[in-house]
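**Student:** Have a peek at upload_4.txt (compact mmCIF, C-alpha atoms).
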```
# COMPACT_ATOMS: atom_id res chain seq x y z
CA MET A 20 5.74 -6.16 -0.03
CA ASN A 21 8.69 -7.58 1.89
CA THR A 22 6.55 -10.15 3.63
CA LYS A 23 5.34 -11.57 0.32
CA GLU A 24 8.66 -11.87 -1.45
CA THR A 25 8.57 -15.63 -1.41
CA LYS A 26 5.14 -15.71 -3.08
CA LYS A 27 4.48 -14.94 -6.70
CA ILE A 28 3.88 -11.24 -7.29
CA ASN A 29 0.29 -10.35 -8.26
CA ASP A 30 -1.88 -7.38 -9.23
CA TYR A 31 -2.72 -6.60 -5.60
CA ASP A 32 0.96 -6.18 -4.74
CA ILE A 33 1.42 -3.91 -7.75
CA GLU A 34 -1.50 -1.73 -6.69
CA GLN A 35 -0.14 -1.36 -3.14
CA LEU A 36 3.33 -0.53 -4.43
CA ILE A 37 2.04 2.08 -6.92
CA GLY A 38 -0.06 3.65 -4.17
CA GLN A 39 3.00 3.94 -1.90
CA VAL A 40 5.22 5.43 -4.62
CA LEU A 41 2.62 8.12 -5.38
CA ARG A 42 2.07 8.94 -1.72
CA TYR A 43 5.76 9.23 -0.79
CA GLY A 44 6.47 11.32 -3.90
CA VAL A 45 3.74 13.82 -3.09
CA VAL A 46 4.69 14.08 0.60
CA LEU A 47 8.39 14.52 -0.22
CA SER A 48 7.77 17.13 -2.90
CA GLY A 49 5.35 19.06 -0.66
CA SER A 50 7.85 19.07 2.23
CA VAL A 51 10.72 20.28 0.03
CA ALA A 52 8.48 23.01 -1.44
CA ILE A 53 7.43 24.20 2.04
CA ILE A 54 11.04 24.43 3.26
CA GLY A 55 12.13 26.31 0.14
CA GLY A 56 9.00 28.46 0.20
CA ILE A 57 9.38 29.68 3.78
CA TRP A 58 13.02 30.51 3.17
CA TYR A 59 12.09 32.29 -0.06
CA LEU A 60 9.54 34.45 1.79
CA PHE A 61 12.18 35.39 4.38
CA GLN A 62 14.57 36.42 1.63
CA GLN A 63 12.23 38.10 -0.85
CA GLY A 64 8.82 38.48 0.82
CA THR A 65 8.90 42.27 0.73
CA ALA A 66 9.82 42.52 -2.97
CA MET A 67 7.24 42.92 -5.77
CA PRO A 68 6.09 40.03 -7.96
CA HIS A 69 6.66 40.44 -11.72
CA TYR A 70 4.37 37.92 -13.38
CA THR A 71 2.27 40.16 -15.65
CA THR A 72 4.85 39.86 -18.42
CA PHE A 73 6.31 36.55 -19.47
CA ASN A 74 10.11 36.45 -19.44
CA GLY A 75 10.62 32.72 -19.02
CA GLU A 76 12.65 31.34 -16.16
CA PRO A 77 16.43 31.85 -16.25
CA ALA A 78 18.53 28.90 -17.37
CA GLY A 79 19.35 27.76 -13.83
CA PHE A 80 15.67 26.95 -13.15
CA THR A 81 14.86 24.93 -16.21
CA SER A 82 17.14 21.90 -15.97
CA LEU A 83 18.07 19.43 -13.28
CA THR A 84 21.79 20.29 -13.53
CA GLY A 85 20.96 24.00 -13.23
CA ILE A 86 18.77 23.38 -10.19
CA ILE A 87 21.44 21.26 -8.47
CA LYS A 88 24.04 23.96 -9.15
CA GLY A 89 21.68 26.57 -7.65
CA LEU A 90 21.13 24.38 -4.57
CA GLN A 91 24.88 24.41 -3.89
CA HIS A 92 24.65 28.19 -3.62
CA GLY A 93 21.84 27.82 -1.09
CA SER A 94 19.18 29.41 -3.30
CA ALA A 95 15.69 29.21 -1.77
CA THR A 96 13.88 29.33 -5.13
CA GLU A 97 16.01 26.41 -6.34
CA ILE A 98 14.83 24.35 -3.35
CA ILE A 99 11.22 25.00 -4.44
CA GLN A 100 12.15 24.06 -7.99
CA LEU A 101 13.63 20.80 -6.65
CA GLY A 102 10.22 20.14 -5.04
CA VAL A 103 8.61 20.73 -8.45
CA VAL A 104 11.03 18.30 -10.09
CA ILE A 105 10.25 15.63 -7.45
CA LEU A 106 6.53 16.19 -8.11
CA ILE A 107 6.93 15.81 -11.88
CA ALA A 108 9.18 12.78 -11.35
CA THR A 109 6.62 11.00 -9.14
CA PRO A 110 4.29 9.72 -11.91
CA ILE A 111 7.32 8.90 -14.06
CA ILE A 112 8.86 6.83 -11.27
CA ARG A 113 5.44 5.19 -10.87
CA ILE A 114 5.75 4.01 -14.50
CA VAL A 115 9.22 2.59 -13.83
CA PHE A 116 7.81 0.64 -10.85
CA SER A 117 4.91 -0.57 -13.01
CA LEU A 118 7.42 -1.75 -15.62
CA VAL A 119 9.41 -3.72 -13.05
CA SER A 120 6.19 -5.19 -11.62
CA PHE A 121 4.96 -6.34 -15.02
CA ILE A 122 8.36 -7.91 -15.69
CA LEU A 123 8.16 -9.82 -12.39
CA GLU A 124 4.59 -10.80 -13.22
CA LYS A 125 5.81 -12.02 -16.64
CA ASP A 126 3.09 -10.05 -18.42
CA LYS A 127 4.93 -9.48 -21.71
CA LEU A 128 2.18 -7.43 -23.36
CA TYR A 129 2.11 -4.94 -20.50
CA VAL A 130 5.89 -4.82 -20.25
CA LEU A 131 5.78 -3.61 -23.87
CA ILE A 132 2.92 -1.15 -23.29
CA THR A 133 4.57 0.32 -20.18
CA PHE A 134 7.88 0.56 -22.03
CA ILE A 135 6.22 2.55 -24.85
CA VAL A 136 4.75 5.05 -22.36
CA LEU A 137 8.13 5.44 -20.68
CA ALA A 138 9.83 5.93 -24.06
CA ILE A 139 7.36 8.69 -25.02
CA ILE A 140 8.05 10.55 -21.75
CA LEU A 141 11.82 10.16 -22.16
CA PHE A 142 11.49 11.51 -25.70
CA SER A 143 9.54 14.47 -24.32
CA MET A 144 12.32 15.05 -21.79
CA PHE A 145 15.36 14.72 -24.01
CA GLY A 146 13.88 15.25 -27.48
CA GLY A 147 14.80 18.95 -27.56
CA LEU A 148 11.12 20.00 -27.64
CA ALA A 149 11.70 22.94 -25.31
CA ILE A 150 12.77 25.46 -27.93
CA MET B 1 1.18 43.91 -3.63
CA THR B 2 4.34 42.37 -2.18
CA ILE B 3 5.45 38.78 -2.76
CA LEU B 4 4.28 37.90 0.76
CA THR B 5 0.67 39.05 0.16
CA PHE B 6 0.70 37.52 -3.33
CA THR B 7 1.81 34.19 -1.82
CA ILE B 8 -0.80 34.22 0.95
CA ILE B 9 -3.71 35.05 -1.39
CA LEU B 10 -2.52 32.50 -3.94
CA LEU B 11 -2.16 29.88 -1.20
CA LEU B 12 -5.79 30.46 -0.15
CA GLY B 13 -6.95 30.45 -3.77
CA ALA B 14 -5.07 27.23 -4.52
CA TYR B 15 -6.54 25.66 -1.37
CA LEU B 16 -10.09 26.47 -2.56
CA ALA B 17 -9.18 25.25 -6.07
CA GLY B 18 -7.95 21.94 -4.68
CA LEU B 19 -11.04 21.64 -2.45
CA ALA B 20 -13.52 22.42 -5.24
CA GLY B 21 -11.56 20.30 -7.69
CA SER B 22 -11.62 17.23 -5.50
CA LEU B 23 -15.29 17.62 -4.47
CA THR B 24 -16.48 17.93 -8.07
CA GLY B 25 -13.90 15.65 -9.66
CA LEU B 26 -12.58 18.34 -11.99
CA GLY B 27 -9.07 18.41 -10.53
CA GLY B 28 -7.06 21.33 -9.20
CA GLY B 29 -5.66 22.68 -12.45
CA VAL B 30 -8.94 23.92 -13.90
CA VAL B 31 -9.43 26.73 -11.36
CA ILE B 32 -5.75 27.70 -11.15
CA ILE B 33 -5.52 29.21 -14.67
CA PRO B 34 -8.47 31.65 -14.36
CA LEU B 35 -7.42 32.48 -10.80
CA LEU B 36 -3.92 33.44 -11.92
CA THR B 37 -4.83 35.16 -15.20
CA LEU B 38 -8.12 36.92 -14.41
CA PHE B 39 -7.48 37.75 -10.76
CA PHE B 40 -3.70 38.19 -10.48
CA HIS B 41 -3.12 39.20 -14.15
CA VAL B 42 -0.32 36.65 -14.35
CA ASP B 43 0.80 35.81 -17.89
CA ILE B 44 -1.11 32.76 -19.14
CA ARG B 45 2.15 30.86 -19.82
CA TYR B 46 3.11 30.98 -16.14
CA ALA B 47 -0.48 29.98 -15.34
CA ILE B 48 -0.25 26.93 -17.62
CA GLY B 49 2.99 25.87 -15.89
CA ALA B 50 1.32 26.24 -12.49
CA ALA B 51 -1.80 24.34 -13.60
CA LEU B 52 0.30 21.40 -14.78
CA VAL B 53 2.01 21.26 -11.40
CA ALA B 54 -1.40 21.45 -9.69
CA SER B 55 -2.76 18.64 -11.89
CA ILE B 56 0.12 16.32 -11.01
CA ALA B 57 -0.21 17.13 -7.29
CA THR B 58 -3.96 16.36 -7.12
CA SER B 59 -3.69 13.30 -9.35
CA SER B 60 -0.85 11.66 -7.44
CA GLY B 61 -2.31 12.63 -4.07
CA SER B 62 -5.74 11.13 -4.62
CA ALA B 63 -4.70 8.32 -6.97
CA SER B 64 -2.59 6.75 -4.23
CA ALA B 65 -5.75 6.05 -2.21
CA TYR B 66 -7.92 4.83 -5.12
CA VAL B 67 -5.22 2.52 -6.49
CA LYS B 68 -4.76 0.91 -3.08
CA GLU B 69 -8.49 0.28 -2.78
CA GLY B 70 -8.37 -1.58 -6.10
CA ILE B 71 -10.91 0.63 -7.90
CA THR B 72 -8.46 1.96 -10.50
CA ASN B 73 -7.95 -0.22 -13.58
CA VAL B 74 -4.16 -0.02 -13.76
CA ARG B 75 -3.87 -1.94 -17.07
CA LEU B 76 -6.52 0.19 -18.78
CA GLY B 77 -4.79 3.33 -17.49
CA MET B 78 -1.39 2.10 -18.65
CA PHE B 79 -2.68 1.22 -22.12
CA LEU B 80 -4.51 4.52 -22.61
CA GLU B 81 -1.48 6.46 -21.35
CA ILE B 82 0.15 5.61 -24.69
CA ALA B 83 -2.56 7.78 -26.27
CA THR B 84 -2.54 10.57 -23.68
CA THR B 85 1.25 10.96 -23.47
CA THR B 86 1.56 10.98 -27.28
CA GLY B 87 -1.18 13.63 -27.35
CA ALA B 88 0.52 15.60 -24.56
CA VAL B 89 3.81 15.74 -26.48
CA ILE B 90 1.97 16.90 -29.64
CA GLY B 91 0.10 19.50 -27.54
CA ALA B 92 3.32 20.83 -26.03
CA ILE B 93 4.78 21.21 -29.56
CA LEU B 94 1.57 22.89 -30.85
CA ALA B 95 1.72 25.33 -27.92
CA ILE B 96 4.72 27.13 -29.50
CA TYR B 97 2.69 27.92 -32.62
CA THR B 98 -0.59 28.78 -30.87
CA PRO B 99 -1.21 32.45 -29.96
CA VAL B 100 -2.02 32.93 -26.26
CA ASN B 101 -5.48 34.37 -26.93
CA ILE B 102 -6.42 31.20 -28.86
CA VAL B 103 -5.15 29.16 -25.89
CA ALA B 104 -7.42 31.24 -23.61
CA ILE B 105 -10.47 30.71 -25.87
CA LEU B 106 -9.82 26.95 -26.13
CA PHE B 107 -9.42 26.82 -22.38
CA GLY B 108 -12.78 28.55 -21.92
CA VAL B 109 -14.49 26.07 -24.24
CA MET B 110 -12.91 23.15 -22.36
CA LEU B 111 -14.11 24.64 -19.05
CA ILE B 112 -17.73 24.84 -20.23
CA PHE B 113 -17.51 21.27 -21.51
CA SER B 114 -16.04 20.12 -18.17
CA ALA B 115 -18.79 21.92 -16.25
CA ALA B 116 -21.44 20.17 -18.35
CA MET B 117 -19.72 16.83 -17.83
CA THR B 118 -19.86 17.09 -14.03
CA LEU B 119 -23.66 17.26 -14.26
CA ARG B 120 -24.10 14.33 -16.67
CA LYS B 121 -25.87 11.09 -15.92
CA LYS B 122 -23.38 8.52 -14.75
CA ASN B 123 -22.83 5.12 -16.26
CA GLU B 124 -23.43 2.70 -13.40
CA SER B 125 -24.02 -0.47 -15.36
CA ALA B 126 -21.32 -3.01 -16.15
CA LEU B 127 -21.09 -4.76 -19.54
CA THR B 128 -21.06 -8.55 -19.44
CA GLN B 129 -19.74 -9.01 -22.97
CA GLY B 130 -16.62 -7.11 -24.07
CA SER B 131 -15.14 -6.52 -27.52
CA LYS B 132 -12.39 -8.75 -28.93
CA LEU B 133 -9.70 -6.15 -28.32
CA SER B 134 -10.69 -5.77 -24.67
CA TYR B 135 -9.89 -9.46 -24.06
CA LEU B 136 -6.73 -9.30 -26.14
CA LEU B 137 -5.44 -6.32 -24.14
CA LYS B 138 -6.63 -7.76 -20.81
CA LEU B 139 -8.63 -4.59 -20.08
CA ASN B 140 -11.64 -6.27 -18.45
CA SER B 141 -11.52 -6.28 -14.68
CA SER B 142 -13.60 -5.87 -11.52
CA TYR B 143 -14.04 -3.26 -8.81
CA PRO B 144 -15.20 -3.35 -5.18
CA GLY B 145 -18.96 -2.77 -4.82
CA LYS B 146 -21.32 -2.95 -1.83
CA GLU B 147 -21.65 -6.73 -2.15
CA GLY B 148 -18.22 -7.95 -3.22
CA ARG B 149 -16.37 -7.26 -6.44
CA ILE B 150 -18.32 -6.36 -9.58
CA ASP B 151 -16.99 -7.65 -12.90
CA TYR B 152 -17.13 -5.45 -15.98
CA LYS B 153 -16.11 -5.68 -19.63
CA LEU B 154 -15.14 -2.97 -22.13
CA THR B 155 -15.95 -2.16 -25.73
CA ASN B 156 -15.01 0.43 -28.42
CA VAL B 157 -11.33 0.34 -27.48
CA GLY B 158 -10.30 2.16 -30.69
CA ALA B 159 -12.73 5.04 -30.17
CA GLY B 160 -11.66 5.40 -26.54
CA PHE B 161 -8.01 5.45 -27.57
CA SER B 162 -8.68 8.19 -30.16
CA ILE B 163 -10.56 10.43 -27.71
CA MET B 164 -7.71 9.91 -25.25
CA THR B 165 -5.21 11.21 -27.80
CA VAL B 166 -7.28 14.40 -28.15
CA ALA B 167 -7.54 14.63 -24.34
CA GLY B 168 -3.76 14.38 -24.13
CA MET B 169 -3.28 17.05 -26.80
CA LEU B 170 -5.55 19.51 -24.98
CA SER B 171 -3.79 18.67 -21.73
CA GLY B 172 -0.41 19.42 -23.29
CA LEU B 173 -1.66 22.63 -24.91
CA LEU B 174 -3.69 24.05 -22.02
CA GLY B 175 -1.89 22.63 -19.00
CA ILE B 176 -4.98 20.97 -17.57
CA GLY B 177 -5.61 17.31 -16.78
CA SER B 178 -8.62 17.20 -19.16
CA GLY B 179 -10.25 14.72 -16.83
CA ALA B 180 -13.67 15.45 -18.36
CA LEU B 181 -12.57 14.19 -21.80
CA LYS B 182 -10.85 11.18 -20.26
CA VAL B 183 -14.04 10.23 -18.45
CA LEU B 184 -16.00 10.76 -21.68
CA ALA B 185 -13.71 8.33 -23.50
CA MET B 186 -14.02 5.64 -20.87
CA ASP B 187 -17.59 6.24 -19.70
CA THR B 188 -19.41 6.96 -22.96
CA ALA B 189 -17.27 5.16 -25.55
CA MET B 190 -15.75 2.22 -23.68
CA LYS B 191 -18.67 1.72 -21.24
CA VAL B 192 -16.46 1.59 -18.17
CA PRO B 193 -18.50 1.89 -14.94
CA PHE B 194 -18.43 5.41 -13.48
CA ARG B 195 -16.37 4.68 -10.37
CA VAL B 196 -13.66 2.98 -12.40
CA SER B 197 -13.57 5.64 -15.13
CA THR B 198 -13.22 8.58 -12.71
CA THR B 199 -10.48 6.98 -10.65
CA THR B 200 -8.61 5.62 -13.68
CA SER B 201 -8.85 9.03 -15.36
CA ASN B 202 -7.47 10.65 -12.23
CA PHE B 203 -4.66 8.06 -12.16
CA MET B 204 -3.74 8.92 -15.76
CA VAL B 205 -3.76 12.71 -15.28
CA GLY B 206 -0.42 12.64 -13.43
CA VAL B 207 1.47 10.82 -16.18
CA THR B 208 -0.19 12.86 -18.95
CA ALA B 209 0.63 16.15 -17.21
CA ALA B 210 4.19 14.97 -16.46
CA ALA B 211 4.75 14.24 -20.18
CA SER B 212 4.19 17.89 -21.07
CA ALA B 213 5.47 19.34 -17.75
CA VAL B 214 9.02 18.17 -18.56
CA VAL B 215 8.82 20.29 -21.73
CA TYR B 216 7.27 23.31 -19.98
CA LEU B 217 9.84 23.19 -17.18
CA GLN B 218 12.63 23.42 -19.77
CA ARG B 219 10.77 26.24 -21.52
CA GLY B 220 10.78 28.28 -18.31
CA TYR B 221 6.98 28.25 -17.76
CA ILE B 222 7.25 26.96 -14.19
CA ASP B 223 8.11 29.72 -11.72
CA PRO B 224 9.06 28.69 -8.16
CA GLY B 225 7.32 31.72 -6.62
CA ILE B 226 4.00 30.61 -8.15
CA ALA B 227 4.61 26.85 -7.92
CA PHE B 228 5.21 26.74 -4.18
CA PRO B 229 1.88 28.21 -2.94
CA VAL B 230 0.06 26.28 -5.70
CA ILE B 231 1.51 22.87 -4.73
CA ILE B 232 0.92 23.37 -0.99
CA GLY B 233 -2.54 24.95 -1.41
CA VAL B 234 -3.87 22.43 -3.91
CA LEU B 235 -2.57 19.44 -1.94
CA ALA B 236 -4.10 20.69 1.32
CA GLY B 237 -7.37 21.52 -0.46
CA ALA B 238 -7.59 18.14 -2.16
CA PHE B 239 -6.88 16.42 1.15
CA THR B 240 -9.69 18.33 2.90
CA GLY B 241 -11.96 17.58 -0.06
CA SER B 242 -11.35 13.84 0.12
CA LYS B 243 -12.25 13.87 3.84
CA LEU B 244 -15.38 16.01 3.27
CA LEU B 245 -16.54 13.94 0.29
CA MET B 246 -17.61 11.10 2.60
CA ARG B 247 -19.82 13.39 4.70
CA ILE B 248 -21.55 15.94 2.50
CA ASN B 249 -23.92 15.78 -0.44
CA VAL B 250 -22.07 17.28 -3.39
CA LYS B 251 -25.02 17.42 -5.79
CA SER B 252 -26.01 21.06 -5.21
CA LEU B 253 -22.35 22.01 -4.82
CA LYS B 254 -21.65 20.58 -8.27
CA LEU B 255 -24.42 22.68 -9.79
CA ILE B 256 -23.17 25.91 -8.18
CA PHE B 257 -19.61 25.09 -9.19
CA SER B 258 -20.63 24.32 -12.78
CA ILE B 259 -22.40 27.68 -13.09
CA ALA B 260 -19.42 29.50 -11.59
CA ILE B 261 -17.01 27.67 -13.92
CA THR B 262 -19.18 28.55 -16.95
CA LEU B 263 -19.16 32.26 -16.01
CA ILE B 264 -15.38 32.16 -15.59
CA ALA B 265 -15.09 30.36 -18.93
CA LEU B 266 -17.16 33.02 -20.73
CA ASN B 267 -14.90 35.66 -19.18
CA MET B 268 -11.79 33.81 -20.49
CA ILE B 269 -13.32 33.50 -23.97
CA TYR B 270 -14.36 37.18 -24.02
CA ASN B 271 -10.88 38.30 -22.96
CA GLY B 272 -9.36 35.91 -25.48
CA PHE B 273 -11.36 37.47 -28.34
CA ASN B 274 -10.29 40.94 -27.17
CA HIS B 275 -6.61 39.93 -27.03
CA LYS B 276 -6.37 40.68 -23.34
CA PHE B 277 -3.77 37.93 -22.74
```
Can you turn what I pasted into structure tokens?

**Tutor:**
Amino acid sequence: MNTKETKKINDYDIEQLIGQVLRYGVVLSGSVAIIGGIWYLFQQGTAMPHYTTFNGEPAGFTSLTGIIKGLQHGSATEIIQLGVVILIATPIIRIVFSLVSFILEKDKLYVLITFIVLAIILFSMFGGLAI
Amino acid sequence: MTILTFTIILLLGAYLAGLAGSLTGLGGGVVIIPLLTLFFHVDIRYAIGAALVASIATSSGSASAYVKEGITNVRLGMFLEIATTTGAVIGAILAIYTPVNIVAILFGVMLIFSAAMTLRKKNESALTQGSKLSYLLKLNSSYPGKEGRIDYKLTNVGAGFSIMTVAGMLSGLLGIGSGALKVLAMDTAMKVPFRVSTTTSNFMVGVTAAASAVVYLQRGYIDPGIAFPVIIGVLAGAFTGSKLLMRINVKSLKLIFSIAITLIALNMIYNGFNHKF
């Protein structure tokens, strides 16, 4: 998009940008998950899985602050969880980019529509729905 | 079975799920839940978490290509995402009050519906006259065809929006992308040409799944030991699928896959009625 900065932004630019955001997000999340995953197998590969009963993940795996704290202790499973967070964040970041693009394009209706979608997701995130 | 063998088998399973999902257009999440619950006897709540992750991975992975080619109707997707994300949040709330065996039965019913939808007749024609709302919301667009761009118009915006809310709810409750319902809303109700409706649906799956995934992550449904082979496997499978799609005829494959999916679905429903979850 850098080459077109002088021109008015249009739908084609938006499509290219959205495509890039999605691609980079997926590649980044996949890479982080592979690194964490290989390390996790080295650490715990010989143990037994325990998924037949649902216990829920411990607190450190269910929030961004918990995951970052776990990363500081060099936990392999927290690296995977970071990959998961990047993956979930990818479509949300895509919406943020769409919002900025519609603002630049001066499409007021779609600025509003995109803002509503973003607000619903933020509500889902911080609305205390997890209980 | 150790974690290492579990990971390797799940990786292979997720790869096949991603491959089949991308060849038939059903997405990666649909196969992940029966694979985890029926084969590995994983609790369905972990399976739902994994399926959501798989849905986002396949959606974002393939959407990036379709959006760049200009097939996806970004405005239509954006507008309908109001409906699907609202539905997804409602679905994630409903999930707390829904017994797991009911979730399994609903999932089975959705699977059979999805299988039937892959075999339907596709809407190839483009409307020349759209409804008032379609102009107001700037939903009419064009997509690249064999001889230049083809213009199309939309109708029944309200009906499409309503079906999308239901699609979002089921997505939030079951952890799947509910691509089949999304296509139904656009294809059958809004008369969007097939190529646009499939790619736009796929584009929307990521955002819809993310809206409920943020809740499920906080609820502890997403386990790293399951998520890692699922993400890698599904992404690799979907990538292979997108390369193969250009070269092979998927018609017979779709039929075989639909039959297989229906059998799996009946198994899920049967186990659901017998409280095996």

**Student:** Using only C-alpha atoms, give me every residue within 6 Å of (6.0, 38.6, -3.9) in file coordinates, as an mmCIF file with C-alpha atoms, in the frame of the given file.

**Tutor:**
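Printed below is out-v2.cif as written:
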```cif
data_model
loop_
_atom_site.group_PDB
_atom_site.id
_atom_site.type_symbol
_atom_site.label_atom_id
_atom_site.label_comp_id
_atom_site.auth_asym_id
_atom_site.auth_seq_id
_atom_site.Cartn_x
_atom_site.Cartn_y
_atom_site.Cartn_z
ATOM 1 C CA GLY A 64 8.820 38.480 0.820
ATOM 2 C CA ALA A 66 9.820 42.520 -2.970
ATOM 3 C CA MET A 67 7.240 42.920 -5.770
ATOM 4 C CA PRO A 68 6.090 40.030 -7.960
ATOM 5 C CA THR B 2 4.340 42.370 -2.180
ATOM 6 C CA ILE B 3 5.450 38.780 -2.760
ATOM 7 C CA LEU B 4 4.280 37.900 0.760
ATOM 8 C CA PHE B 6 0.700 37.520 -3.330
#
```

**Student:** Taking all atoms listed in the file into account, which of B:Gly225, B:Gly21, B:Gly241, B:Gly91 comes nearest Gln63 in chain A?

**Tutor:**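 Going through B:Gly225, B:Gly21, B:Gly241, B:Gly91 one by one, the smallest distance to Gln63 in chain A is for B:Gly225.
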
**Student:** As a VMD selection string, please: the residues near range 36-49 of chain A (cut-off 7 Å, only C-alpha atoms, same-chain neighbours under 6 positions excluded).

**Tutor:** (chain A and resid 102 to 103 105 to 106 109 to 110 113) or (chain B and resid 57 60 to 61 64 to 65 67 to 68 231 to 232)

**Student:** Which residue is closest to Val205 in chain B? Choose from A:Ile111, A:Ile135, A:Asp126, A:Phe145 and count all atoms listed in the file.

**Tutor:**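 For Val205 in chain B, the nearest of the given residues is A:Ile111.
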
**Student:** Which value, in Å to one decimal, gives the distance between CA of Leu131 in chain A and CA of Thr58 in chain B?

**Tutor:** 27.8 Å

**Student:** Using all atoms listed in the file, can you tell me which of A:Phe116, A:Trp58, A:Phe73, A:Phe142 comes closest to chain B?

**Tutor:**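 Of A:Phe116, A:Trp58, A:Phe73, A:Phe142, the one nearest chain B is A:Phe73, counting all atoms listed in the file.
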
**Student:** Report as JSON, numbers by chain all protein, DNA and RNA residues lying within 12 Å of Ala149 in chain A, evaluated on all atoms listed in the file, omitting residues in the same chain fewer than 6 positions from it.

**Tutor:** {"A": [75, 81, 82, 142, 143], "B": [89, 92, 93, 94, 95, 96, 212, 213, 214, 215, 216, 217, 218, 219, 220, 221]}

**Student:** Go through B:Leu173, B:Val42, B:Leu36, B:Leu16 and flag the residue nearest Val103 in chain B, using all atoms listed in the file for the distances.

**Tutor:**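 So, comparing all the options, the nearest one is B:Leu173.
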
**Student:** So which one's closest to chain A, B:Val74, B:Ala189, B:Leu244, B:Ile269? Using only C-alpha atoms, please.

**Tutor:** B:Val74

**Student:** Mind pulling up the distance from CA of Ala108 in chain A to CA of Thr37 in chain B?

**Tutor:** 26.7 Å

**Student:** Excluding Leu101 in chain A and residues on its chain fewer than 5 positions from it, collect all residues at most 12 Å away from it, counting all atoms listed in the file, and give them as a VMD selection string.

**Tutor:** (chain A and resid 47 to 56 79 to 90 94 to 96 106 to 108) or (chain B and resid 217 222 to 224 227 to 228)

**Student:** Given all atoms listed in the file as the basis, pick out the residue of B:Met110, B:Ala211, B:Ala238, B:Leu35 nearest to chain A.

**Tutor:**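 Result for the nearest residue to chain A: B:Ala211.
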
**Student:** Using only C-alpha atoms, which residues sit within 7 Å of range 174-180 of chain B once same-chain residues fewer than 2 positions away are excluded, as an MDAnalysis selection string?

**Tutor:** chainID B and resid 26 29:30 48:49 51:52 55 103 107 114 117 167 170:172 182:184 201:202 205 209

**Student:** Generate the output file for the selected residues, C-alpha atoms, as a PDB file, keeping the file's coordinate frame.

**Tutor:**
```pdb
ATOM      1  CA  LEU B  26     -12.580  18.340 -11.990  1.00  0.00           C
ATOM      2  CA  GLY B  29      -5.660  22.680 -12.450  1.00  0.00           C
ATOM      3  CA  VAL B  30      -8.940  23.920 -13.900  1.00  0.00           C
ATOM      4  CA  ILE B  48      -0.250  26.930 -17.620  1.00  0.00           C
ATOM      5  CA  GLY B  49       2.990  25.870 -15.890  1.00  0.00           C
ATOM      6  CA  ALA B  51      -1.800  24.340 -13.600  1.00  0.00           C
ATOM      7  CA  LEU B  52       0.300  21.400 -14.780  1.00  0.00           C
ATOM      8  CA  SER B  55      -2.760  18.640 -11.890  1.00  0.00           C
ATOM      9  CA  VAL B 103      -5.150  29.160 -25.890  1.00  0.00           C
ATOM     10  CA  PHE B 107      -9.420  26.820 -22.380  1.00  0.00           C
ATOM     11  CA  SER B 114     -16.040  20.120 -18.170  1.00  0.00           C
ATOM     12  CA  MET B 117     -19.720  16.830 -17.830  1.00  0.00           C
ATOM     13  CA  ALA B 167      -7.540  14.630 -24.340  1.00  0.00           C
ATOM     14  CA  LEU B 170      -5.550  19.510 -24.980  1.00  0.00           C
ATOM     15  CA  SER B 171      -3.790  18.670 -21.730  1.00  0.00           C
ATOM     16  CA  GLY B 172      -0.410  19.420 -23.290  1.00  0.00           C
ATOM     17  CA  LYS B 182     -10.850  11.180 -20.260  1.00  0.00           C
ATOM     18  CA  VAL B 183     -14.040  10.230 -18.450  1.00  0.00           C
ATOM     19  CA  LEU B 184     -16.000  10.760 -21.680  1.00  0.00           C
ATOM     20  CA  SER B 201      -8.850   9.030 -15.360  1.00  0.00           C
ATOM     21  CA  ASN B 202      -7.470  10.650 -12.230  1.00  0.00           C
ATOM     22  CA  VAL B 205      -3.760  12.710 -15.280  1.00  0.00           C
ATOM     23  CA  ALA B 209       0.630  16.150 -17.210  1.00  0.00           C
TER      24      ALA B 209
END
```

**Student:** So how far away is CA of Thr72 in chain B from CA of Phe203 in chain B, in Å?

**Tutor:** 7.4 Å

**Student:** For Phe121 in chain A, list every protein, DNA or RNA residue within 12 Å, evaluated using only C-alpha atoms, and leave out those in the same chain fewer than 6 positions away; present the list as a PyMOL selection string.

**Tutor:** (chain A and resi 27-30+32-34+114-115+127-134) or (chain B and resi 74-75+78)
